[in-house]
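Next up, coords_15.tsv (TSV, C-alpha atoms and all ligand atoms):
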```tsv
chain	number	residue	atom	x	y	z
O	1	MET	CA	-11.94	-13.90	19.72
O	2	THR	CA	-9.25	-16.30	18.52
O	3	GLY	CA	-6.73	-16.84	21.30
O	4	SER	CA	-3.66	-15.97	19.28
O	5	ILE	CA	-5.05	-12.71	17.87
O	6	LYS	CA	-6.14	-11.60	21.33
O	7	LYS	CA	-2.73	-12.50	22.73
O	8	LEU	CA	-0.95	-10.39	20.10
O	9	ALA	CA	-3.13	-7.28	20.43
O	10	ARG	CA	-2.25	-4.52	22.90
O	11	LYS	CA	-3.93	-5.53	26.16
O	12	GLU	CA	-5.77	-2.25	26.66
O	13	LEU	CA	-7.55	-2.67	23.30
O	14	ILE	CA	-9.31	-5.94	24.11
O	15	ASP	CA	-12.06	-4.41	26.23
O	16	MET	CA	-11.75	-0.87	24.88
O	17	VAL	CA	-14.97	0.64	23.55
O	18	PRO	CA	-14.17	2.90	20.59
O	19	TYR	CA	-15.14	6.59	20.77
O	20	GLN	CA	-18.92	6.64	20.56
O	21	SER	CA	-19.41	9.39	18.04
O	22	ALA	CA	-22.96	10.59	17.44
O	23	ARG	CA	-22.76	8.93	14.06
O	24	ARG	CA	-21.71	5.57	15.47
O	25	LEU	CA	-24.50	5.58	18.05
O	26	GLN	CA	-26.96	6.56	15.35
O	27	LYS	CA	-25.81	3.68	13.18
O	28	ALA	CA	-26.17	1.28	16.10
O	29	ASP	CA	-29.76	2.51	16.34
O	30	GLY	CA	-30.26	1.71	12.66
O	31	GLU	CA	-30.52	5.37	11.64
O	32	SER	CA	-28.79	6.40	8.45
O	33	SER	CA	-30.88	8.97	6.64
O	34	PHE	CA	-30.65	12.60	7.73
O	35	SER	CA	-33.83	13.66	6.00
O	36	ASN	CA	-36.56	12.36	8.26
O	37	LYS	CA	-35.44	13.54	11.71
O	38	ILE	CA	-34.11	16.54	13.54
O	39	TRP	CA	-30.44	15.86	14.21
O	40	LEU	CA	-29.12	17.95	17.10
O	41	ASN	CA	-26.65	15.47	18.56
O	42	ALA	CA	-23.25	16.33	17.06
O	43	ASN	CA	-22.89	20.13	17.05
O	44	GLU	CA	-23.12	20.21	13.28
O	45	ALA	CA	-24.65	22.99	11.18
O	46	SER	CA	-28.16	22.25	10.03
O	47	GLY	CA	-27.78	23.35	6.42
O	48	THR	CA	-25.20	22.76	3.71
O	49	GLY	CA	-24.76	26.51	3.14
O	50	ASP	CA	-23.71	27.52	-0.34
O	51	TYR	CA	-21.05	24.91	-0.98
O	52	GLN	CA	-21.05	23.47	-4.47
O	53	LEU	CA	-20.33	19.96	-3.29
O	54	SER	CA	-22.00	16.89	-4.63
O	55	ALA	CA	-21.60	14.88	-1.42
O	56	ASP	CA	-24.89	14.54	0.41
O	57	CYS	CA	-25.14	16.25	3.76
O	58	ILE	CA	-21.68	17.80	3.84
O	59	ASN	CA	-22.79	19.61	7.00
O	60	ARG	CA	-22.96	16.25	8.82
O	61	TYR	CA	-20.19	14.04	10.12
O	62	PRO	CA	-19.68	11.01	7.87
O	63	ASP	CA	-20.05	7.44	9.03
O	64	PHE	CA	-16.78	6.17	10.44
O	65	GLN	CA	-16.93	3.62	7.62
O	66	PRO	CA	-19.16	5.07	4.86
O	67	ASN	CA	-21.59	2.43	3.57
O	68	ASN	CA	-21.39	3.48	-0.07
O	69	LEU	CA	-17.61	3.08	-0.05
O	70	LEU	CA	-17.51	-0.24	1.81
O	71	ASN	CA	-20.23	-1.72	-0.39
O	72	ALA	CA	-18.42	-0.60	-3.55
O	73	TYR	CA	-15.09	-2.10	-2.43
O	74	SER	CA	-16.81	-5.25	-1.17
O	75	GLU	CA	-18.35	-5.67	-4.61
O	76	TYR	CA	-14.96	-5.04	-6.27
O	77	CYS	CA	-12.90	-7.41	-4.14
O	78	GLN	CA	-15.66	-9.96	-3.49
O	79	LEU	CA	-15.27	-10.00	0.29
O	80	PRO	CA	-18.01	-9.22	2.85
O	81	VAL	CA	-17.83	-5.74	4.40
O	82	GLU	CA	-17.02	-7.38	7.78
O	83	ASN	CA	-13.59	-8.18	6.32
O	84	LEU	CA	-12.86	-4.58	5.26
O	85	LEU	CA	-11.63	-1.38	6.82
O	86	ALA	CA	-11.39	1.78	4.70
O	87	THR	CA	-8.40	3.93	5.64
O	88	ARG	CA	-6.64	7.13	4.57
O	89	GLY	CA	-4.44	5.27	2.12
O	90	ALA	CA	-2.72	1.95	2.77
O	91	ASP	CA	-0.22	3.97	4.81
O	92	GLU	CA	-2.83	4.49	7.49
O	93	GLY	CA	-3.50	0.74	7.43
O	94	ILE	CA	0.19	0.10	8.17
O	95	GLU	CA	0.11	2.55	11.07
O	96	LEU	CA	-3.11	1.11	12.55
O	97	ILE	CA	-1.80	-2.47	12.45
O	98	ILE	CA	1.35	-1.41	14.30
O	99	ARG	CA	-0.59	0.63	16.86
O	100	THR	CA	-2.96	-2.30	17.40
O	101	PHE	CA	-0.48	-5.14	17.72
O	102	CYS	CA	2.68	-3.54	19.12
O	103	THR	CA	3.01	-2.26	22.66
O	104	ALA	CA	5.39	0.71	22.51
O	105	TYR	CA	8.96	0.15	23.78
O	106	GLN	CA	8.25	-3.56	24.09
O	107	ASP	CA	7.16	-5.20	20.81
O	108	SER	CA	8.72	-5.31	17.35
O	109	ILE	CA	7.84	-5.74	13.69
O	110	LEU	CA	9.79	-7.75	11.11
O	111	ILE	CA	10.63	-6.38	7.66
O	112	CYS	CA	12.44	-7.94	4.69
O	113	PRO	CA	14.55	-5.27	2.98
O	114	PRO	CA	14.76	-4.02	0.34
O	115	THR	CA	11.15	-3.07	1.01
O	116	TYR	CA	8.66	-0.22	1.40
O	117	GLY	CA	10.00	2.39	3.82
O	118	MET	CA	6.82	3.16	5.76
O	119	TYR	CA	6.80	-0.09	7.79
O	120	ALA	CA	9.96	0.92	9.66
O	121	ILE	CA	8.99	4.60	9.88
O	122	SER	CA	5.56	3.85	11.35
O	123	ALA	CA	7.14	1.39	13.79
O	124	GLU	CA	9.73	3.92	14.93
O	125	ASN	CA	7.08	6.62	15.29
O	126	HIS	CA	5.13	4.31	17.59
O	127	GLY	CA	8.18	3.20	19.59
O	128	ALA	CA	8.13	-0.34	18.18
O	129	GLY	CA	11.35	-2.16	17.34
O	130	VAL	CA	12.29	-3.21	13.80
O	131	VAL	CA	13.87	-6.61	13.09
O	132	SER	CA	15.35	-6.92	9.58
O	133	VAL	CA	15.63	-10.17	7.66
O	134	PRO	CA	17.03	-9.16	4.25
O	135	GLN	CA	15.80	-10.79	1.05
O	136	THR	CA	18.25	-12.63	-1.17
O	137	SER	CA	17.77	-12.01	-4.90
O	138	CYS	CA	14.18	-10.85	-4.28
O	139	GLN	CA	13.31	-14.02	-2.33
O	140	LEU	CA	12.38	-14.28	1.33
O	141	ASP	CA	14.82	-15.93	3.71
O	142	VAL	CA	11.99	-18.04	5.13
O	143	GLU	CA	14.16	-19.94	7.59
O	144	ALA	CA	15.59	-16.76	9.09
O	145	ILE	CA	12.09	-15.22	9.32
O	146	VAL	CA	10.71	-18.31	11.07
O	147	ASN	CA	13.61	-18.21	13.53
O	148	LYS	CA	12.74	-14.62	14.48
O	149	LEU	CA	8.97	-15.08	14.88
O	150	ASP	CA	9.20	-15.32	18.66
O	151	GLN	CA	10.73	-11.83	18.78
O	152	VAL	CA	8.10	-9.99	16.74
O	153	ASN	CA	4.34	-9.32	16.67
O	154	ILE	CA	3.95	-8.40	12.99
O	155	VAL	CA	5.68	-9.53	9.78
O	156	PHE	CA	5.42	-7.13	6.82
O	157	LEU	CA	5.69	-8.68	3.35
O	158	CYS	CA	5.25	-6.67	0.15
O	159	SER	CA	4.09	-8.43	-3.02
O	160	PRO	CA	4.58	-7.11	-5.66
O	161	GLY	CA	7.46	-5.50	-3.79
O	162	ASN	CA	8.35	-1.83	-3.75
O	163	PRO	CA	10.99	-0.83	-4.90
O	164	THR	CA	11.95	-4.13	-6.57
O	165	GLY	CA	8.63	-4.88	-8.33
O	166	ASN	CA	8.70	-8.67	-7.95
O	167	LEU	CA	5.97	-10.95	-6.66
O	168	LEU	CA	6.95	-13.09	-3.71
O	169	PRO	CA	6.47	-16.81	-4.39
O	170	LYS	CA	3.16	-17.89	-2.82
O	171	SER	CA	4.90	-20.94	-1.35
O	172	GLN	CA	7.17	-18.62	0.65
O	173	ILE	CA	4.28	-16.48	1.90
O	174	LYS	CA	2.47	-19.69	2.87
O	175	ALA	CA	5.50	-21.00	4.74
O	176	VAL	CA	5.69	-17.75	6.75
O	177	LEU	CA	1.94	-17.82	7.46
O	178	ASP	CA	2.06	-21.45	8.60
O	179	ALA	CA	4.96	-20.80	10.95
O	180	ALA	CA	3.39	-17.56	12.25
O	181	LYS	CA	-0.04	-19.01	12.96
O	182	GLU	CA	0.03	-18.70	16.75
O	183	LYS	CA	2.85	-16.17	16.86
O	184	ALA	CA	2.52	-13.10	14.69
O	185	ILE	CA	0.25	-11.11	12.38
O	186	VAL	CA	1.40	-11.44	8.76
O	187	VAL	CA	0.69	-8.39	6.59
O	188	VAL	CA	0.87	-8.81	2.82
O	189	ASP	CA	1.01	-5.38	1.20
O	190	GLU	CA	-0.68	-5.67	-2.21
O	191	ALA	CA	-0.57	-1.98	-3.20
O	192	TYR	CA	0.37	-3.06	-6.77
O	193	ILE	CA	-1.63	-6.30	-7.09
O	194	GLU	CA	-3.85	-4.96	-9.91
O	195	PHE	CA	-0.78	-4.75	-12.16
O	196	SER	CA	-0.02	-8.43	-11.60
O	197	ALA	CA	-1.51	-11.44	-13.34
O	198	GLN	CA	-1.28	-13.39	-10.08
O	199	ASP	CA	-4.34	-13.68	-7.82
O	200	SER	CA	-4.50	-11.83	-4.55
O	201	ILE	CA	-3.55	-13.65	-1.37
O	202	GLN	CA	-6.95	-12.55	0.04
O	203	THR	CA	-8.42	-15.98	-0.78
O	204	TRP	CA	-6.36	-17.29	2.16
O	205	LEU	CA	-8.06	-15.05	4.74
O	206	GLY	CA	-10.40	-17.86	5.76
O	207	ASP	CA	-7.49	-20.22	6.44
O	208	TYR	CA	-5.28	-17.77	8.30
O	209	PRO	CA	-6.92	-15.63	11.03
O	210	ASN	CA	-3.56	-13.82	11.42
O	211	LEU	CA	-3.39	-12.67	7.76
O	212	VAL	CA	-3.89	-9.01	6.83
O	213	VAL	CA	-3.89	-7.77	3.21
O	214	LEU	CA	-3.34	-4.10	2.32
O	215	ARG	CA	-4.76	-2.41	-0.77
O	216	THR	CA	-4.93	1.11	-2.10
O	217	LEU	CA	-6.67	3.29	-4.68
O	218	SER	CA	-3.44	5.28	-5.13
O	219	LYS	CA	-1.76	3.18	-7.80
O	220	ALA	CA	-3.87	1.22	-10.35
O	221	PHE	CA	-6.94	3.39	-9.67
O	222	ALA	CA	-4.90	6.57	-10.22
O	223	LEU	CA	-6.39	8.25	-7.12
O	224	ALA	CA	-3.37	8.98	-4.90
O	225	GLY	CA	-4.76	12.43	-4.12
O	226	LEU	CA	-7.95	10.97	-2.63
O	227	ARG	CA	-6.10	9.16	0.18
O	228	CYS	CA	-8.10	5.97	0.25
O	229	GLY	CA	-6.97	2.43	0.95
O	230	PHE	CA	-8.36	-0.78	2.41
O	231	THR	CA	-7.30	-3.29	5.01
O	232	LEU	CA	-8.61	-6.83	4.41
O	233	ALA	CA	-8.64	-9.15	7.42
O	234	SER	CA	-10.73	-11.37	9.69
O	235	PRO	CA	-13.65	-9.57	11.37
O	236	GLU	CA	-11.90	-9.82	14.73
O	237	ILE	CA	-8.81	-8.01	13.45
O	238	ILE	CA	-11.02	-5.40	11.74
O	239	THR	CA	-12.82	-4.87	15.09
O	240	LEU	CA	-9.52	-4.27	16.86
O	241	LEU	CA	-8.25	-1.86	14.19
O	242	SER	CA	-11.57	0.01	14.40
O	243	LYS	CA	-10.81	0.87	18.01
O	244	VAL	CA	-7.59	2.61	16.99
O	245	ILE	CA	-8.65	4.44	13.81
O	246	ALA	CA	-9.89	8.06	14.00
O	247	PRO	CA	-13.67	8.51	14.47
O	248	TYR	CA	-14.25	9.95	10.97
O	249	PRO	CA	-11.25	8.90	8.85
O	250	ILE	CA	-12.96	9.05	5.44
O	251	SER	CA	-14.49	12.36	4.39
O	252	ALA	CA	-17.86	12.30	2.63
O	253	PRO	CA	-16.57	13.62	-0.74
O	254	VAL	CA	-13.78	11.01	-0.70
O	255	ALA	CA	-16.26	8.22	0.00
O	256	GLU	CA	-18.51	9.44	-2.78
O	257	LEU	CA	-15.74	9.85	-5.36
O	258	ALA	CA	-14.03	6.58	-4.48
O	259	SER	CA	-17.34	4.68	-4.72
O	260	GLN	CA	-17.84	6.04	-8.22
O	261	PHE	CA	-14.37	5.00	-9.33
O	262	LEU	CA	-14.94	1.47	-8.02
O	263	THR	CA	-17.94	0.74	-10.18
O	264	GLY	CA	-19.19	0.39	-13.75
O	265	THR	CA	-17.26	1.90	-16.62
O	266	ASN	CA	-14.71	3.38	-14.23
O	267	LEU	CA	-13.61	-0.14	-13.27
O	268	GLN	CA	-13.20	-0.91	-16.95
O	269	LEU	CA	-11.08	2.25	-17.32
O	270	MET	CA	-8.86	1.09	-14.46
O	271	LYS	CA	-8.30	-2.25	-16.18
O	272	GLU	CA	-7.44	-0.53	-19.46
O	273	ARG	CA	-5.02	1.80	-17.66
O	274	VAL	CA	-3.33	-1.22	-16.07
O	275	GLN	CA	-2.99	-2.98	-19.44
O	276	GLN	CA	-1.47	0.11	-20.99
O	277	SER	CA	0.92	0.49	-18.06
O	278	ASN	CA	1.97	-3.15	-18.25
O	279	SER	CA	2.68	-2.92	-21.96
O	280	LEU	CA	4.78	0.25	-21.44
O	281	ARG	CA	6.59	-1.49	-18.57
O	282	LYS	CA	7.49	-4.37	-20.87
O	283	ASP	CA	8.85	-1.92	-23.47
O	284	LEU	CA	10.88	-0.02	-20.88
O	285	SER	CA	12.31	-3.23	-19.37
O	286	GLN	CA	13.29	-4.53	-22.80
O	287	TRP	CA	14.91	-1.23	-23.69
O	288	LEU	CA	16.89	-1.23	-20.43
O	289	VAL	CA	17.99	-4.85	-20.95
O	290	SER	CA	19.35	-3.90	-24.39
O	291	GLN	CA	21.51	-1.06	-23.04
O	292	ASP	CA	25.13	-1.99	-22.37
O	293	TRP	CA	25.40	0.56	-19.51
O	294	CYS	CA	22.61	-1.22	-17.63
O	295	SER	CA	23.87	-4.18	-15.61
O	296	GLU	CA	20.58	-5.46	-14.16
O	297	VAL	CA	16.86	-4.99	-14.75
O	298	PHE	CA	14.58	-6.27	-12.00
O	299	ALA	CA	11.51	-8.28	-13.01
O	300	SER	CA	8.44	-6.16	-12.24
O	301	ASP	CA	4.78	-6.93	-11.67
O	302	ALA	CA	4.05	-3.32	-10.77
O	303	ASN	CA	3.93	0.13	-12.40
O	304	PHE	CA	7.65	0.80	-12.18
O	305	VAL	CA	10.98	-0.72	-13.18
O	306	LEU	CA	14.11	-0.91	-11.04
O	307	PHE	CA	17.50	-1.20	-12.73
O	308	ARG	CA	21.20	-1.07	-11.87
O	309	THR	CA	23.83	0.99	-13.63
O	310	GLN	CA	27.33	2.24	-12.91
O	311	TYR	CA	26.09	5.56	-14.33
O	312	ARG	CA	23.47	5.95	-11.60
O	313	SER	CA	24.47	9.40	-10.42
O	314	VAL	CA	25.05	10.95	-13.85
O	315	ILE	CA	21.72	9.60	-15.07
O	316	PHE	CA	19.85	10.74	-11.96
O	317	ASP	CA	21.46	14.21	-11.88
O	318	GLY	CA	21.30	14.66	-15.65
O	319	LEU	CA	17.58	13.86	-15.73
O	320	LYS	CA	16.93	16.12	-12.76
O	321	ALA	CA	18.66	19.01	-14.53
O	322	GLN	CA	16.15	18.53	-17.36
O	323	GLY	CA	13.21	18.49	-14.99
O	324	ILE	CA	12.75	14.71	-15.11
O	325	LEU	CA	12.47	13.06	-11.72
O	326	ILE	CA	13.07	9.38	-11.13
O	327	ARG	CA	13.82	7.67	-7.82
O	328	ASP	CA	17.30	6.87	-6.52
O	329	GLN	CA	17.08	3.62	-4.53
O	330	SER	CA	20.81	3.14	-4.06
O	331	LYS	CA	20.68	3.74	-0.30
O	332	GLN	CA	18.55	0.62	0.22
O	333	LYS	CA	20.19	-2.63	1.24
O	334	GLN	CA	21.44	-4.61	-1.77
O	335	LEU	CA	20.37	-1.88	-4.18
O	336	ASP	CA	23.72	-0.17	-4.84
O	337	ASN	CA	23.51	1.87	-8.04
O	338	CYS	CA	19.81	1.19	-8.50
O	339	LEU	CA	17.29	3.63	-9.99
O	340	ARG	CA	13.53	3.26	-10.24
O	341	ILE	CA	11.38	4.68	-13.04
O	342	SER	CA	7.60	4.85	-12.62
O	343	ILE	CA	5.55	3.97	-15.68
O	344	GLY	CA	4.17	7.30	-16.86
O	345	SER	CA	2.65	8.02	-20.27
O	346	GLU	CA	4.24	6.69	-23.47
O	347	GLN	CA	5.42	10.19	-24.30
O	348	GLU	CA	6.97	10.73	-20.88
O	349	LEU	CA	8.84	7.44	-21.12
O	350	ASN	CA	10.11	8.25	-24.62
O	351	THR	CA	11.41	11.56	-23.33
O	352	VAL	CA	13.19	9.78	-20.46
O	353	LYS	CA	14.80	7.26	-22.81
O	354	GLN	CA	16.03	9.99	-25.17
O	355	ALA	CA	17.38	12.02	-22.27
O	356	ILE	CA	19.21	8.99	-20.81
O	357	ASN	CA	20.73	8.15	-24.21
O	358	GLN	CA	22.01	11.71	-24.46
O	359	ILE	CA	23.43	11.68	-20.94
O	360	ILE	CA	25.23	8.37	-21.54
O	361	ASP	CA	26.62	9.53	-24.92
O	362	GLN	CA	28.02	12.69	-23.34
O	363	THR	CA	29.49	10.85	-20.38
O	364	VAL	CA	31.13	8.20	-22.56
O	365	ALA	CA	32.50	10.91	-24.89
O	366	VAL	CA	34.07	12.75	-21.94
O	367	GLN	CA	35.53	9.52	-20.55
O	368	THR	CA	37.01	8.59	-23.95
O	369	ALA	CA	38.52	12.06	-24.34
O	370	GLN	CA	40.12	11.76	-20.90
O	371	GLU	CA	41.57	8.35	-21.73
O	372	VAL	CA	43.18	9.65	-24.93
O	401	LIG	C1	2.26	3.46	-2.41
O	401	LIG	C2	2.36	2.37	-1.42
O	401	LIG	C3	1.59	2.34	-0.25
O	401	LIG	C4	0.78	3.50	0.23
O	401	LIG	O1	-0.31	3.76	-0.50
O	401	LIG	P1	-1.35	4.88	-0.03
O	401	LIG	O2	-2.63	4.18	-0.18
O	401	LIG	O3	-1.18	6.00	-1.00
O	401	LIG	O4	-1.06	5.28	1.37
O	401	LIG	C5	1.66	1.23	0.57
O	401	LIG	N1	2.47	0.22	0.29
O	401	LIG	C6	3.25	0.21	-0.80
O	401	LIG	C7	4.13	-0.94	-1.07
O	401	LIG	C8	3.24	1.30	-1.67
O	401	LIG	O5	4.08	1.32	-2.72
```
Written as structure tokens, how would this file's structure read?
Amino acid sequence: MTGSIKKLARKELIDMVPYQSARRLQKADGESSFSNKIWLNANEASGTGDYQLSADCINRYPDFQPNNLLNAYSEYCQLPVENLLATRGADEGIELIIRTFCTAYQDSILICPPTYGMYAISAENHGAGVVSVPQTSCQLDVEAIVNKLDQVNIVFLCSPGNPTGNLLPKSQIKAVLDAAKEKAIVVVDEAYIEFSAQDSIQTWLGDYPNLVVLRTLSKAFALAGLRCGFTLASPEIITLLSKVIAPYPISAPVAELASQFLTGTNLQLMKERVQQSNSLRKDLSQWLVSQDWCSEVFASDANFVLFRTQYRSVIFDGLKAQGILIRDQSKQKQLDNCLRISIGSEQELNTVKQAINQIIDQTVAVQTAQEV
């Protein structure tokens, strides 16, 4: 194991043997098919009963990393399965990385707000500290991050960023990775990478043993309800994370469904959905830019647009009263008066635009009347 990775991991994990489930032992023995043997080693039922489920052998525990799913994602992302860990959403990936590399009440993570909220929440849940190095105009403060690297075990970067939507410049990510080489794990959260024209940072995995990339099926693949994500990293990091993850994190129906959505015509459908979303995002951004009540529209490489307006609360409340929910981001650092709209269907977005126009017209009319 690389010295620096071993040094960063919680000490008790280095020699820990993960829970030896019946399924794991079986796999180590090269057994995968249930049909040719009598399996009486895991207290499972012997028949599938009357369930109308398509997953094979629903009466059996699944593999801790189902082969069909890993092979499908490996094919999709063009990385060997040794570099992959399937998780219950990218959120579980975040939690596992923190539980693997932070000793509670001792170690800390670094975040660059405004950013995705789960990094800090997972850290706090685990008893890890959170060091904040705010972004300036959607750019990393690389110098400040580098200065804090001795205080933290993990750096979380999000590109494209949530809730801002921007890609981080690759030169900045590289500068952080170079400085962190012997010091910290650098996580690049790519939950929205499919919506971006820029290549994934995953091609750098070979150069940086401390790099971890997070992916999900919740956004571009339109499968948030499945709870399936992937952590991409060096085999040694994957081995460490595998000691912390639950023994059967991915249920058999999830593995089966997700594998289907990662292949063939379904992949093509994903790409078409992304194109449609990107074209609607462009329309929405242009519309927002042309509105005089909107003071800033953030550049987005994701499936949402963040904008700033002095009418934040009337817009948010007015839409809510009509049963239209958008996200208020104004509590985040540097995002005063900012709202975020997810790219829904064309019809949904037209309804939102009409509703906002109406709300603004009414508000301006009331203001004018009061001034008179
Ligand atoms: C949505 C999101 C996630 C979590 O995705 P799941 O796979 O649904 O857990 C992680 N990171 C970012 C930046 C997100 O926006």
For Ser200 in chain O, please output as an mmCIF file with C-alpha atoms, in the coordinates of the input all residues within 10 Å (counting all atoms listed in the file; exclusion window: fewer than 2 positions along the same chain).
```cif
data_model
loop_
_atom_site.group_PDB
_atom_site.id
_atom_site.type_symbol
_atom_site.label_atom_id
_atom_site.label_comp_id
_atom_site.auth_asym_id
_atom_site.auth_seq_id
_atom_site.Cartn_x
_atom_site.Cartn_y
_atom_site.Cartn_z
ATOM 1 C CA CYS O 77 -12.900 -7.410 -4.140
ATOM 2 C CA SER O 159 4.090 -8.430 -3.020
ATOM 3 C CA LYS O 170 3.160 -17.890 -2.820
ATOM 4 C CA VAL O 188 0.870 -8.810 2.820
ATOM 5 C CA GLU O 190 -0.680 -5.670 -2.210
ATOM 6 C CA ILE O 193 -1.630 -6.300 -7.090
ATOM 7 C CA GLU O 194 -3.850 -4.960 -9.910
ATOM 8 C CA SER O 196 -0.020 -8.430 -11.600
ATOM 9 C CA ALA O 197 -1.510 -11.440 -13.340
ATOM 10 C CA GLN O 198 -1.280 -13.390 -10.080
ATOM 11 C CA GLN O 202 -6.950 -12.550 0.040
ATOM 12 C CA THR O 203 -8.420 -15.980 -0.780
ATOM 13 C CA TRP O 204 -6.360 -17.290 2.160
ATOM 14 C CA VAL O 213 -3.890 -7.770 3.210
#
```
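Pairwise distance (CA of Pro249 in chain O, CA of Gly264 in chain O) equals 25.4 Å.
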**OP:** List all protein, DNA and RNA residues that have an atom no more than 7 Å from any atom of ligand LIG 401 (chain O), counting all atoms listed in the file, and report them as a ChimeraX atom specification.
**Re:** /O:88-92,116,158,161-162,189-191,215-219,224,227-229
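With distances restricted to only C-alpha atoms, O:Leu177 is the closest residue to Val142 in chain O from O:Leu177, O:Ala45, O:Leu211, O:Val274.
Here CA of Ser132 in chain O and CA of Val212 in chain O stand 19.5 Å from one another.
Minimum atom-to-atom distance to Thr87 in chain O, evaluated using only C-alpha atoms, belongs to O:Leu70 out of O:Ile14, O:Leu70, O:Asn43, O:Ser295.
Proximity of O:His126, O:Ala355, O:Ile173, O:Thr164 to Phe307 in chain O, computed with all atoms listed in the file, is greatest for O:Thr164.
Within a radius of 10 Å around (2.9, -3.8, 21.7), the polymer residues are Leu8, Ala9, Arg10, Lys11, Ile98, Arg99, Thr100, Phe101, Cys102, Thr103, Ala104, Tyr105, Gln106, Asp107, Ser108, Ile109, His126, Gly127, Ala128, Gly129, Val152, Asn153 and Ile154 of chain O, counting all atoms listed in the file.
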Per-residue nearest contacts range 103-143 of chain O to range 331-353 of chain O, cut-off 8 Å, using all atoms listed in the file, as CSV:
```
residue,atom,partner,partner_atom,distance
O:Pro113,CA,O:Lys333,CA,6.5
O:Pro114,CA,O:Lys333,CA,5.7
O:Pro134,CA,O:Lys333,CA,7.9
```
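If you measure from each of O:Val186, O:Leu96, O:Ala86, O:Ala175 to Pro209 in chain O using all atoms listed in the file, the closest one turns out to be O:Val186.
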**OP:** May I ask which of the residues O:Leu79, O:Ile121, O:Leu240, O:Leu140 is the closest one to Val17 in chain O, counting only C-alpha atoms?
**Re:** O:Leu240
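Taking CA of Phe156 in chain O and CA of Pro66 in chain O as endpoints, the distance between them is 27.5 Å.
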Would you pick out the contacts of Asn278 in chain O at 10 Å or less, using all atoms listed in the file, so that residues sharing its chain but fewer than 4 positions from it are not included, and give the list as a compact mmCIF listing (two decimals) with C-alpha atoms, in the frame of the given file?
```txt
# COMPACT_ATOMS: atom_id res chain seq x y z
CA PHE O 195 -0.78 -4.75 -12.16
CA SER O 196 -0.02 -8.43 -11.60
CA GLU O 272 -7.44 -0.53 -19.46
CA ARG O 273 -5.02 1.80 -17.66
CA VAL O 274 -3.33 -1.22 -16.07
CA LYS O 282 7.49 -4.37 -20.87
CA ASP O 283 8.85 -1.92 -23.47
CA LEU O 284 10.88 -0.02 -20.88
CA SER O 300 8.44 -6.16 -12.24
CA ASP O 301 4.78 -6.93 -11.67
CA ALA O 302 4.05 -3.32 -10.77
CA ASN O 303 3.93 0.13 -12.40
CA PHE O 304 7.65 0.80 -12.18
CA ILE O 343 5.55 3.97 -15.68
```
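Proximity of O:Val131, O:Ala258, O:Ile94, O:Leu205 to Met118 in chain O, computed with only C-alpha atoms, is greatest for O:Ile94.
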Would you mind listing what lies within 12 Å of Glu143 in chain O as a short mmCIF file (atom, residue, chain, number, x, y, z; two decimals) with C-alpha atoms, keeping the file's coordinate frame, with only C-alpha atoms counted and same-chain residues fewer than 3 positions away left out?
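Written output follows (result.cif):
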```
data_model
loop_
_atom_site.label_atom_id
_atom_site.label_comp_id
_atom_site.auth_asym_id
_atom_site.auth_seq_id
_atom_site.Cartn_x
_atom_site.Cartn_y
_atom_site.Cartn_z
CA VAL O 133 15.63 -10.17 7.66
CA PRO O 134 17.03 -9.16 4.25
CA GLN O 135 15.80 -10.79 1.05
CA GLN O 139 13.31 -14.02 -2.33
CA LEU O 140 12.38 -14.28 1.33
CA VAL O 146 10.71 -18.31 11.07
CA ASN O 147 13.61 -18.21 13.53
CA LYS O 148 12.74 -14.62 14.48
CA LEU O 149 8.97 -15.08 14.88
CA GLN O 172 7.17 -18.62 0.65
CA ILE O 173 4.28 -16.48 1.90
CA ALA O 175 5.50 -21.00 4.74
CA VAL O 176 5.69 -17.75 6.75
CA ALA O 179 4.96 -20.80 10.95
CA ALA O 180 3.39 -17.56 12.25
#
```
